[in-house]
Amino acid sequence: MKITIALFCLLLVTGNAFSQTNLTHKIYKVWDDQPAPNRGGDYNIKKAGGFPYDADWELESYPLGNGYMGANFFGRTDTERIQITEKTLLNRGLYGLGSLTNFAEIYLDFNHKNPQYYNRTLNINEAIAAIKYTSEDVNYTREYFMSYPDKVLAIKLSADKKGKISFKLRPEIPHLVDSVEYNKRSGKIVAEKDLITLTGTINYFSTNYEAQIKVINDGGELVADKSNDTGVIEVSNANSVVILIATGTNYVLNEDLFKKKLKDKLDFSVTPHKKVSVIIQKASEKGYSKLKENHLDDYQHLFSRVSLDLKSKVPEITTKQLLENYKNGSGNRYLEELMFQYGRYLLIASSRKGALPSGLQGVWSQYMVTPWTGGYWHNINIQMNYWGAFNANLAETFIPYIEYFNAYLPTASQLATQYIQKNNPEAVNGEDNGWTIGTGANPYEIGPPGGHSGPGTGGFTSKLFWEYYDFTRDTAYLRESGYPALLGMSKFLSKTVKPSKNGTLLVEPSASPEQRHDGSYYTTAGTTFDQGFVWENHNDLLKAAAILNKKDGFLDLVKEQIDRLDPILVGKSGQIKEYREETYYSEIGDKHHRHISHLCPLYPGTLINSTTKEWLDAAIVTLDLRGNNTTGWAMAHRMNSRARTKEGDKAHEVYAKFIKERTLPNLWTTHPPFQIDGSFGCMAGVAEMLLQSHEGYIEPLAALPKAWRDGEYTGLVARGNFEISAIWKSGQATSFQIHSKSGGTCKIKYPGIGDAQIQDASGEVIHFNIESADLIGFGTEKGGRYFIEL
Ligand code: FUC
């Protein structure tokens, strides 16, 4: 006994069981032993309004991104294709809602035939891609990364013999000639010395765009070909070459943008020339090694916060093959870890402060008009993009949405007043009707709720504003952005409700996103989706008000309304009703509909939880009845819901189904078509299975599936700003580590935790309160680390 205690203390004092896992970050990579095919658009398959579908791009190319810009590369040895996307370059698109459009294609003609020992790897730990092969006895290496701090795509071409690098760099501005009138685009390409410049305009939002490509050769010869305005640079016999690519438009995110008419949104007299030139100049001066160092510092600072080890081995087969085997039923915990970490990679690549939020396709689109515009869809998709930001320790990736929100807020306030004027005129209060947002939005425009999605879409959005605070405990943020956002949403929602005969307040008109009945969208009063989000936002507002000591008289109305919402009703099938007027499950609407909007109070909401046993059981019945045969993001919502019902095996089942049915060879995921939301939703789901914190305490391994028998993780985040690490064996936790980043009481729930021993980093024994055998609490200091042995 004495020996055990001594060993235990030694373990704690000398750094405990976790310090090693922090160091041994497993290698995560997406890789192939073949270049991606590039056969051009498949003209037999038309998508997105009749434009060809480029399966090679969508299924096989690998993505890089720095928030502003995305690049997909193919790793080819004959002609390399690098496709560039920029978040602010939009045309009219299919529905007149604006659409992300392909910025540029960059081709590198190498003409290396019959490559041997080919390898194309996207290293997720570093966000660096490498292409290696041998051709005619020369070993070639290409390295690509997209830098956030220096805002460039940097490429380095090397060979193990001198003078062996020769190629032609040949950019193209897509869709200059094959466009339809309403998407018209102008553009030209000019090569001058070591620089190629692409410039042009898309009229729809008055967008001027520019890209610069700088080619820096070591040895050999560089010639800019200006004949026929082709804008080509040819390099011959160089030892190595660095290529830097930067893009920009005249887009400026501000309040006016959303208020102005289409053609006045941007200042047409401004070009991004200076901005792009400065980026290229600075990056050239720094040089490749420095750029790489900056990139690694920046990226790894975010990425390396979380490790997840389900006791898998790094496989030796290609990612494609790994996925294929998984589809054939072999299961693979490495792939399950990789999908989680790849989600974190994609979020970092597509959502950084100063750039716009991550869209429906993140920051990647090769289309002339992107399916569903590639924009910000607010009846689940954009919210799902950020569900995992908080628990997967990437809270700052949500800042772009806050910046976007601040810019659209005045317009959202006008929309709120118009909405209330139309739907509940008696409730209008001058201009002070809060703010609202509806389903469709893009970097230039937002719209009101209505039609197939009720006003709850706003509450769906403001939930993220509360979560950002609850996870980071950033009180300055809460005061400046979080509280005003919640207050404005409650003001709006409080006017969308009307008293029914029995006094219950019902949102009217109300709709459960995209549900149809008898062929058309179904509108009613008091859907669970809308009622639920009024409840959620009102409650979050009250929590925020208590923290900031706010005494606004409006808060009394909020309290009164909460008691009159009666948001959750259980029907005769034992289900959570989607509609108040429904008795048995699916009397109204499609019984297998992809949206499970009436379960939003379970996830991302918190109204349905372990203390509401009857509702939790009804949520399980609903999930069983709805089934998992659905589309990409819809599976991700089910996965998170199963985590919240604490059904780890069921959550894992839907995760496995998602990987099998909705995951592409490059590990992008599809709805279909390709949408990024499912990747992010499932990443959130993995974290939600391993750590929950929505019930007033931290619950590690809350929905651990049998398939993840042994494992450990570090750095997942619980509300209260606690970083949690855990180790478990045979399904039983053996130790936890808590890093308290804001101080405060740490309550933690785990079977038998009342018998645990806790020490701090100096080996001091920590005394704790035992609330029950399974729930304890103890005070923590800001910055303190606490080790729990079970
Ligand atoms: C929602 C979904 C659709 C699609 C679109 C982008 O409206 O219902 O299926 O994902 O967003």
# chains A, B, ... in the order shown; residues from 1 in each chain; ligands from 1
>>> residues_near_ligand(ligand="ligand 1", cutoff="9 Å", atoms="only C-alpha atoms and all ligand atoms", output="NGL selection string")
:A and (360 or 371-382 or 439-440 or 452-453 or 513-514 or 594-595 or 631-634 or 671-673 or 675 or 677)
>>> select_by_dssp(residues="range 396-526 of chain A", states="strand (DSSP E)", output="number ranges by chain")
A: 497-499, 505-507, 510-517, 520-524
>>> write_last_selection(atoms="N, CA, C and O atoms", output="tab-separated table (two decimals), in the first residue's frame")
chain	number	residue	atom	x	y	z
A	497	VAL	N	-43.41	35.98	-30.27
A	497	VAL	CA	-44.38	35.09	-29.59
A	497	VAL	C	-45.70	35.81	-29.35
A	497	VAL	O	-45.75	37.02	-29.14
A	498	LYS	N	-46.78	35.01	-29.39
A	498	LYS	CA	-48.12	35.55	-29.10
A	498	LYS	C	-48.79	34.59	-28.13
A	498	LYS	O	-48.60	33.37	-28.24
A	499	PRO	N	-49.63	35.12	-27.21
A	499	PRO	CA	-50.29	34.22	-26.26
A	499	PRO	C	-51.34	33.36	-26.96
A	499	PRO	O	-52.11	33.86	-27.77
A	505	LEU	N	-47.10	31.08	-24.56
A	505	LEU	CA	-46.60	31.99	-25.60
A	505	LEU	C	-46.05	31.16	-26.76
A	505	LEU	O	-45.16	30.33	-26.56
A	506	LEU	N	-46.58	31.39	-27.94
A	506	LEU	CA	-46.15	30.61	-29.10
A	506	LEU	C	-45.56	31.49	-30.18
A	506	LEU	O	-46.15	32.53	-30.53
A	507	VAL	N	-44.43	31.07	-30.70
A	507	VAL	CA	-43.84	31.77	-31.85
A	507	VAL	C	-44.78	31.59	-33.03
A	507	VAL	O	-45.21	30.48	-33.34
A	510	SER	N	-44.27	30.10	-37.40
A	510	SER	CA	-43.18	29.25	-36.94
A	510	SER	C	-43.00	28.10	-37.93
A	510	SER	O	-43.99	27.60	-38.48
A	511	ALA	N	-41.77	27.70	-38.14
A	511	ALA	CA	-41.50	26.58	-39.05
A	511	ALA	C	-40.33	25.76	-38.53
A	511	ALA	O	-39.42	26.30	-37.91
A	512	SER	N	-40.38	24.48	-38.78
A	512	SER	CA	-39.30	23.57	-38.40
A	512	SER	C	-38.47	23.37	-39.67
A	512	SER	O	-38.99	22.82	-40.65
A	513	PRO	N	-37.23	23.85	-39.69
A	513	PRO	CA	-36.49	23.97	-40.95
A	513	PRO	C	-36.70	22.88	-41.99
A	513	PRO	O	-36.44	21.71	-41.73
A	514	GLU	N	-37.21	23.36	-43.13
A	514	GLU	CA	-37.28	22.60	-44.38
A	514	GLU	C	-38.25	21.42	-44.34
A	514	GLU	O	-38.29	20.62	-45.28
A	515	GLN	N	-39.01	21.26	-43.27
A	515	GLN	CA	-40.00	20.18	-43.24
A	515	GLN	C	-41.15	20.54	-44.16
A	515	GLN	O	-41.59	21.69	-44.24
A	516	ARG	N	-41.65	19.53	-44.84
A	516	ARG	CA	-42.78	19.74	-45.74
A	516	ARG	C	-43.95	18.89	-45.31
A	516	ARG	O	-43.77	17.84	-44.72
A	517	HIS	N	-45.13	19.36	-45.65
A	517	HIS	CA	-46.32	18.54	-45.46
A	517	HIS	C	-47.18	18.72	-46.68
A	517	HIS	O	-47.35	19.85	-47.16
A	520	SER	N	-45.71	20.97	-49.53
A	520	SER	CA	-45.15	22.32	-49.38
A	520	SER	C	-44.60	22.54	-47.97
A	520	SER	O	-44.92	21.79	-47.04
A	521	TYR	N	-43.77	23.56	-47.84
A	521	TYR	CA	-43.20	23.86	-46.52
A	521	TYR	C	-44.32	24.13	-45.54
A	521	TYR	O	-45.30	24.78	-45.86
A	522	TYR	N	-44.16	23.64	-44.33
A	522	TYR	CA	-45.24	23.68	-43.35
A	522	TYR	C	-44.99	24.81	-42.34
A	522	TYR	O	-43.97	24.83	-41.66
A	523	THR	N	-45.94	25.72	-42.28
A	523	THR	CA	-45.83	26.84	-41.34
A	523	THR	C	-46.96	26.75	-40.33
A	523	THR	O	-48.10	26.43	-40.69
A	524	THR	N	-46.64	27.03	-39.08
A	524	THR	CA	-47.63	26.85	-38.02
A	524	THR	C	-47.31	27.81	-36.87
A	524	THR	O	-46.64	28.82	-37.07
>>> residues_around(residues="Lys161 in chain A", least_positions_apart="5", cutoff="8 Å", atoms="only C-alpha atoms", output="number ranges by chain")
A: 138-139, 239
>>> write_last_selection(atoms="all heavy atoms", output="PDB file, in the first residue's frame")
ATOM      1  N   VAL A 138      16.433  11.508 -61.123  1.00  0.00           N
ATOM      2  CA  VAL A 138      16.453  12.706 -60.274  1.00  0.00           C
ATOM      3  C   VAL A 138      15.324  12.559 -59.245  1.00  0.00           C
ATOM      4  O   VAL A 138      14.202  12.180 -59.595  1.00  0.00           O
ATOM      5  CB  VAL A 138      16.230  13.989 -61.107  1.00  0.00           C
ATOM      6  CG1 VAL A 138      16.288  15.227 -60.205  1.00  0.00           C
ATOM      7  CG2 VAL A 138      17.251  14.078 -62.220  1.00  0.00           C
ATOM      8  N   ASN A 139      15.650  12.838 -57.977  1.00  0.00           N
ATOM      9  CA  ASN A 139      14.628  12.819 -56.936  1.00  0.00           C
ATOM     10  C   ASN A 139      14.057  14.228 -56.777  1.00  0.00           C
ATOM     11  O   ASN A 139      14.762  15.142 -56.394  1.00  0.00           O
ATOM     12  CB  ASN A 139      15.208  12.364 -55.595  1.00  0.00           C
ATOM     13  CG  ASN A 139      15.698  10.938 -55.672  1.00  0.00           C
ATOM     14  OD1 ASN A 139      15.049  10.083 -56.282  1.00  0.00           O
ATOM     15  ND2 ASN A 139      16.857  10.675 -55.080  1.00  0.00           N
ATOM     16  N   ASN A 239      18.283  25.116 -59.855  1.00  0.00           N
ATOM     17  CA  ASN A 239      18.590  24.161 -58.776  1.00  0.00           C
ATOM     18  C   ASN A 239      17.376  23.985 -57.875  1.00  0.00           C
ATOM     19  O   ASN A 239      17.037  22.890 -57.452  1.00  0.00           O
ATOM     20  CB  ASN A 239      19.767  24.651 -57.948  1.00  0.00           C
ATOM     21  CG  ASN A 239      20.979  24.881 -58.813  1.00  0.00           C
ATOM     22  OD1 ASN A 239      21.217  24.119 -59.747  1.00  0.00           O
ATOM     23  ND2 ASN A 239      21.720  25.937 -58.533  1.00  0.00           N
TER      24      ASN A 239
END
>>> atom_distance(atom1="CA of Pro455 in chain A", atom2="CA of Thr606 in chain A")
18.7 Å
>>> residues_around(residues="range 400-402 of chain A", least_positions_apart="4", cutoff="8 Å", atoms="only C-alpha atoms", output="number ranges by chain")
A: 351-357, 406, 481
>>> residues_around(residues="range 255-265 of chain A", least_positions_apart="4", cutoff="8 Å", atoms="only C-alpha atoms", output="compact mmCIF listing (two decimals) with C-alpha atoms, in the first residue's frame")
# COMPACT_ATOMS: atom_id res chain seq x y z
CA ASN A 203 -19.59 43.12 -61.94
CA TYR A 204 -22.28 41.65 -59.74
CA PHE A 205 -20.95 43.06 -56.44
CA SER A 206 -18.44 45.42 -58.13
CA ASN A 406 -20.60 43.11 -36.06
CA ALA A 407 -20.67 44.24 -39.67
CA TYR A 408 -24.11 42.87 -40.50
CA LEU A 409 -25.72 43.86 -37.19
CA PRO A 410 -27.24 47.23 -38.26
CA THR A 411 -28.87 45.50 -41.23
CA TYR A 444 -22.21 40.74 -48.91
CA GLU A 445 -25.81 40.16 -47.89
CA ILE A 446 -28.02 38.74 -45.17
>>> atom_distance(atom1="CA of Gln757 in chain A", atom2="CA of Gly720 in chain A")
21.8 Å
>>> select_by_dssp(residues="range 15-203 of chain A", states="alpha helix (DSSP H)", output="PDB file with N, CA, C and O atoms, in the first residue's frame")
ATOM      1  N   SER A  19       2.382  13.853 -19.215  1.00  0.00           N
ATOM      2  CA  SER A  19       3.403  14.658 -19.886  1.00  0.00           C
ATOM      3  C   SER A  19       3.900  13.965 -21.149  1.00  0.00           C
ATOM      4  O   SER A  19       4.181  14.593 -22.141  1.00  0.00           O
ATOM      5  N   GLN A  20       3.931  12.647 -21.130  1.00  0.00           N
ATOM      6  CA  GLN A  20       4.421  11.931 -22.304  1.00  0.00           C
ATOM      7  C   GLN A  20       3.475  12.071 -23.481  1.00  0.00           C
ATOM      8  O   GLN A  20       3.902  12.286 -24.597  1.00  0.00           O
ATOM      9  N   THR A  21       2.186  11.979 -23.184  1.00  0.00           N
ATOM     10  CA  THR A  21       1.244  12.047 -24.307  1.00  0.00           C
ATOM     11  C   THR A  21       1.303  13.410 -24.972  1.00  0.00           C
ATOM     12  O   THR A  21       1.073  13.524 -26.154  1.00  0.00           O
ATOM     13  N   ASN A  22       1.617  14.451 -24.198  1.00  0.00           N
ATOM     14  CA  ASN A  22       1.721  15.770 -24.801  1.00  0.00           C
ATOM     15  C   ASN A  22       2.830  15.799 -25.846  1.00  0.00           C
ATOM     16  O   ASN A  22       2.751  16.508 -26.834  1.00  0.00           O
ATOM     17  N   LEU A  23       3.871  15.018 -25.579  1.00  0.00           N
ATOM     18  CA  LEU A  23       5.015  15.036 -26.478  1.00  0.00           C
ATOM     19  C   LEU A  23       4.806  14.140 -27.698  1.00  0.00           C
ATOM     20  O   LEU A  23       5.213  14.458 -28.793  1.00  0.00           O
ATOM     21  N   ALA A  55     -15.237  15.994 -60.575  1.00  0.00           N
ATOM     22  CA  ALA A  55     -15.088  14.958 -59.545  1.00  0.00           C
ATOM     23  C   ALA A  55     -13.635  14.845 -59.083  1.00  0.00           C
ATOM     24  O   ALA A  55     -13.378  14.557 -57.922  1.00  0.00           O
ATOM     25  N   ASP A  56     -12.691  15.080 -59.987  1.00  0.00           N
ATOM     26  CA  ASP A  56     -11.286  14.927 -59.607  1.00  0.00           C
ATOM     27  C   ASP A  56     -10.898  15.949 -58.547  1.00  0.00           C
ATOM     28  O   ASP A  56     -10.184  15.641 -57.597  1.00  0.00           O
ATOM     29  N   TRP A  57     -11.361  17.150 -58.754  1.00  0.00           N
ATOM     30  CA  TRP A  57     -11.107  18.202 -57.755  1.00  0.00           C
ATOM     31  C   TRP A  57     -11.755  17.836 -56.422  1.00  0.00           C
ATOM     32  O   TRP A  57     -11.125  17.905 -55.365  1.00  0.00           O
ATOM     33  N   GLU A  58     -13.023  17.452 -56.495  1.00  0.00           N
ATOM     34  CA  GLU A  58     -13.781  17.241 -55.254  1.00  0.00           C
ATOM     35  C   GLU A  58     -13.345  15.996 -54.481  1.00  0.00           C
ATOM     36  O   GLU A  58     -13.320  15.997 -53.260  1.00  0.00           O
ATOM     37  N   LEU A  59     -12.991  14.941 -55.213  1.00  0.00           N
ATOM     38  CA  LEU A  59     -12.700  13.672 -54.539  1.00  0.00           C
ATOM     39  C   LEU A  59     -11.213  13.470 -54.229  1.00  0.00           C
ATOM     40  O   LEU A  59     -10.863  12.776 -53.281  1.00  0.00           O
ATOM     41  N   GLU A  60     -10.358  14.043 -55.066  1.00  0.00           N
ATOM     42  CA  GLU A  60      -8.963  13.606 -54.997  1.00  0.00           C
ATOM     43  C   GLU A  60      -7.949  14.710 -54.693  1.00  0.00           C
ATOM     44  O   GLU A  60      -6.839  14.420 -54.263  1.00  0.00           O
TER      45      GLU A  60
END
>>> residues_around(residues="Asp78 in chain A", least_positions_apart="4", cutoff="12 Å", atoms="only C-alpha atoms", output="PyMOL selection string")
chain A and resi 35-38+74+107-115+133+135+166-168
>>> residues_around(residues="Ser289 in chain A", least_positions_apart="4", cutoff="12 Å", atoms="only C-alpha atoms", output="PDB file with all heavy atoms, in the first residue's frame")
ATOM      1  N   GLU A 143       7.175  21.205 -52.013  1.00  0.00           N
ATOM      2  CA  GLU A 143       6.572  21.457 -50.696  1.00  0.00           C
ATOM      3  C   GLU A 143       5.608  22.630 -50.842  1.00  0.00           C
ATOM      4  O   GLU A 143       5.963  23.628 -51.482  1.00  0.00           O
ATOM      5  CB  GLU A 143       7.700  21.803 -49.729  1.00  0.00           C
ATOM      6  CG  GLU A 143       7.360  21.546 -48.293  1.00  0.00           C
ATOM      7  CD  GLU A 143       8.583  21.711 -47.407  1.00  0.00           C
ATOM      8  OE1 GLU A 143       9.068  22.848 -47.264  1.00  0.00           O
ATOM      9  OE2 GLU A 143       9.035  20.706 -46.848  1.00  0.00           O
ATOM     10  N   PHE A 145       2.741  25.146 -48.613  1.00  0.00           N
ATOM     11  CA  PHE A 145       1.960  25.487 -47.417  1.00  0.00           C
ATOM     12  C   PHE A 145       1.291  26.841 -47.624  1.00  0.00           C
ATOM     13  O   PHE A 145       1.740  27.653 -48.429  1.00  0.00           O
ATOM     14  CB  PHE A 145       2.811  25.477 -46.134  1.00  0.00           C
ATOM     15  CG  PHE A 145       3.928  26.481 -46.113  1.00  0.00           C
ATOM     16  CD1 PHE A 145       3.710  27.776 -45.645  1.00  0.00           C
ATOM     17  CD2 PHE A 145       5.197  26.146 -46.548  1.00  0.00           C
ATOM     18  CE1 PHE A 145       4.745  28.708 -45.621  1.00  0.00           C
ATOM     19  CE2 PHE A 145       6.234  27.068 -46.531  1.00  0.00           C
ATOM     20  CZ  PHE A 145       6.006  28.361 -46.068  1.00  0.00           C
ATOM     21  N   ALA A 154       2.972  29.343 -50.346  1.00  0.00           N
ATOM     22  CA  ALA A 154       4.397  29.227 -50.647  1.00  0.00           C
ATOM     23  C   ALA A 154       4.672  27.824 -51.183  1.00  0.00           C
ATOM     24  O   ALA A 154       4.181  26.839 -50.639  1.00  0.00           O
ATOM     25  CB  ALA A 154       5.220  29.488 -49.394  1.00  0.00           C
ATOM     26  N   ILE A 155       5.442  27.776 -52.244  1.00  0.00           N
ATOM     27  CA  ILE A 155       5.758  26.501 -52.896  1.00  0.00           C
ATOM     28  C   ILE A 155       7.271  26.436 -53.084  1.00  0.00           C
ATOM     29  O   ILE A 155       7.877  27.423 -53.499  1.00  0.00           O
ATOM     30  CB  ILE A 155       5.072  26.417 -54.283  1.00  0.00           C
ATOM     31  CG1 ILE A 155       3.556  26.496 -54.104  1.00  0.00           C
ATOM     32  CG2 ILE A 155       5.487  25.163 -55.041  1.00  0.00           C
ATOM     33  CD1 ILE A 155       2.782  26.532 -55.417  1.00  0.00           C
ATOM     34  N   LYS A 156       7.849  25.301 -52.770  1.00  0.00           N
ATOM     35  CA  LYS A 156       9.274  25.155 -53.055  1.00  0.00           C
ATOM     36  C   LYS A 156       9.508  23.903 -53.894  1.00  0.00           C
ATOM     37  O   LYS A 156       9.050  22.809 -53.540  1.00  0.00           O
ATOM     38  CB  LYS A 156      10.089  25.078 -51.768  1.00  0.00           C
ATOM     39  CG  LYS A 156      11.572  24.998 -52.078  1.00  0.00           C
ATOM     40  CD  LYS A 156      12.452  25.355 -50.915  1.00  0.00           C
ATOM     41  CE  LYS A 156      13.890  25.389 -51.395  1.00  0.00           C
ATOM     42  NZ  LYS A 156      14.811  25.727 -50.349  1.00  0.00           N
ATOM     43  N   VAL A 242      11.335  28.897 -55.699  1.00  0.00           N
ATOM     44  CA  VAL A 242      10.261  29.212 -54.748  1.00  0.00           C
ATOM     45  C   VAL A 242       9.189  29.987 -55.502  1.00  0.00           C
ATOM     46  O   VAL A 242       9.499  30.901 -56.274  1.00  0.00           O
ATOM     47  CB  VAL A 242      10.807  30.044 -53.563  1.00  0.00           C
ATOM     48  CG1 VAL A 242       9.675  30.575 -52.694  1.00  0.00           C
ATOM     49  CG2 VAL A 242      11.764  29.199 -52.730  1.00  0.00           C
ATOM     50  N   ALA A 283       6.797  38.974 -48.344  1.00  0.00           N
ATOM     51  CA  ALA A 283       7.061  37.528 -48.287  1.00  0.00           C
ATOM     52  C   ALA A 283       8.353  37.202 -49.031  1.00  0.00           C
ATOM     53  O   ALA A 283       9.140  36.371 -48.584  1.00  0.00           O
ATOM     54  CB  ALA A 283       5.889  36.757 -48.879  1.00  0.00           C
ATOM     55  N   SER A 284       8.600  37.874 -50.154  1.00  0.00           N
ATOM     56  CA  SER A 284       9.838  37.614 -50.911  1.00  0.00           C
ATOM     57  C   SER A 284      11.045  37.996 -50.077  1.00  0.00           C
ATOM     58  O   SER A 284      12.056  37.293 -50.062  1.00  0.00           O
ATOM     59  CB  SER A 284       9.892  38.418 -52.213  1.00  0.00           C
ATOM     60  OG  SER A 284       8.679  38.347 -52.877  1.00  0.00           O
ATOM     61  N   GLU A 285      10.941  39.129 -49.380  1.00  0.00           N
ATOM     62  CA  GLU A 285      12.070  39.570 -48.554  1.00  0.00           C
ATOM     63  C   GLU A 285      12.361  38.579 -47.434  1.00  0.00           C
ATOM     64  O   GLU A 285      13.513  38.332 -47.101  1.00  0.00           O
ATOM     65  CB  GLU A 285      11.776  40.953 -47.958  1.00  0.00           C
ATOM     66  CG  GLU A 285      11.980  42.072 -48.966  1.00  0.00           C
ATOM     67  CD  GLU A 285      11.295  43.366 -48.543  1.00  0.00           C
ATOM     68  OE1 GLU A 285      10.850  43.464 -47.373  1.00  0.00           O
ATOM     69  OE2 GLU A 285      11.181  44.267 -49.395  1.00  0.00           O
ATOM     70  N   GLU A 293       8.923  28.878 -41.122  1.00  0.00           N
ATOM     71  CA  GLU A 293       9.029  28.945 -39.658  1.00  0.00           C
ATOM     72  C   GLU A 293       7.811  29.689 -39.075  1.00  0.00           C
ATOM     73  O   GLU A 293       7.197  29.231 -38.117  1.00  0.00           O
ATOM     74  CB  GLU A 293      10.324  29.692 -39.329  1.00  0.00           C
ATOM     75  CG  GLU A 293      10.725  29.704 -37.890  1.00  0.00           C
ATOM     76  CD  GLU A 293      11.964  30.606 -37.706  1.00  0.00           C
ATOM     77  OE1 GLU A 293      12.908  30.529 -38.528  1.00  0.00           O
ATOM     78  OE2 GLU A 293      11.953  31.402 -36.740  1.00  0.00           O
ATOM     79  N   ASN A 294       7.470  30.830 -39.684  1.00  0.00           N
ATOM     80  CA  ASN A 294       6.288  31.588 -39.221  1.00  0.00           C
ATOM     81  C   ASN A 294       5.025  30.747 -39.310  1.00  0.00           C
ATOM     82  O   ASN A 294       4.173  30.758 -38.427  1.00  0.00           O
ATOM     83  CB  ASN A 294       6.068  32.839 -40.086  1.00  0.00           C
ATOM     84  CG  ASN A 294       7.117  33.896 -39.845  1.00  0.00           C
ATOM     85  OD1 ASN A 294       7.929  33.771 -38.939  1.00  0.00           O
ATOM     86  ND2 ASN A 294       7.102  34.939 -40.665  1.00  0.00           N
ATOM     87  N   HIS A 295       4.918  30.041 -40.427  1.00  0.00           N
ATOM     88  CA  HIS A 295       3.725  29.216 -40.641  1.00  0.00           C
ATOM     89  C   HIS A 295       3.622  28.121 -39.583  1.00  0.00           C
ATOM     90  O   HIS A 295       2.565  27.904 -38.988  1.00  0.00           O
ATOM     91  CB  HIS A 295       3.770  28.597 -42.046  1.00  0.00           C
ATOM     92  CG  HIS A 295       2.882  27.407 -42.198  1.00  0.00           C
ATOM     93  ND1 HIS A 295       1.495  27.514 -42.214  1.00  0.00           N
ATOM     94  CD2 HIS A 295       3.154  26.074 -42.273  1.00  0.00           C
ATOM     95  CE1 HIS A 295       0.980  26.290 -42.327  1.00  0.00           C
ATOM     96  NE2 HIS A 295       1.957  25.408 -42.349  1.00  0.00           N
ATOM     97  N   LEU A 296       4.735  27.449 -39.338  1.00  0.00           N
ATOM     98  CA  LEU A 296       4.710  26.354 -38.363  1.00  0.00           C
ATOM     99  C   LEU A 296       4.378  26.863 -36.964  1.00  0.00           C
ATOM    100  O   LEU A 296       3.596  26.253 -36.240  1.00  0.00           O
ATOM    101  CB  LEU A 296       6.042  25.601 -38.363  1.00  0.00           C
ATOM    102  CG  LEU A 296       6.213  24.604 -39.513  1.00  0.00           C
ATOM    103  CD1 LEU A 296       7.637  24.082 -39.561  1.00  0.00           C
ATOM    104  CD2 LEU A 296       5.221  23.446 -39.386  1.00  0.00           C
TER     105      LEU A 296
END
>>> atom_distance(atom1="CA of Lys747 in chain A", atom2="CA of Ile698 in chain A")
6.0 Å
>>> closest_residue(among="A:Thr496, A:Ser365, A:Thr475, A:Thr197", to="Leu548 in chain A", atoms="only C-alpha atoms")
A:Thr475
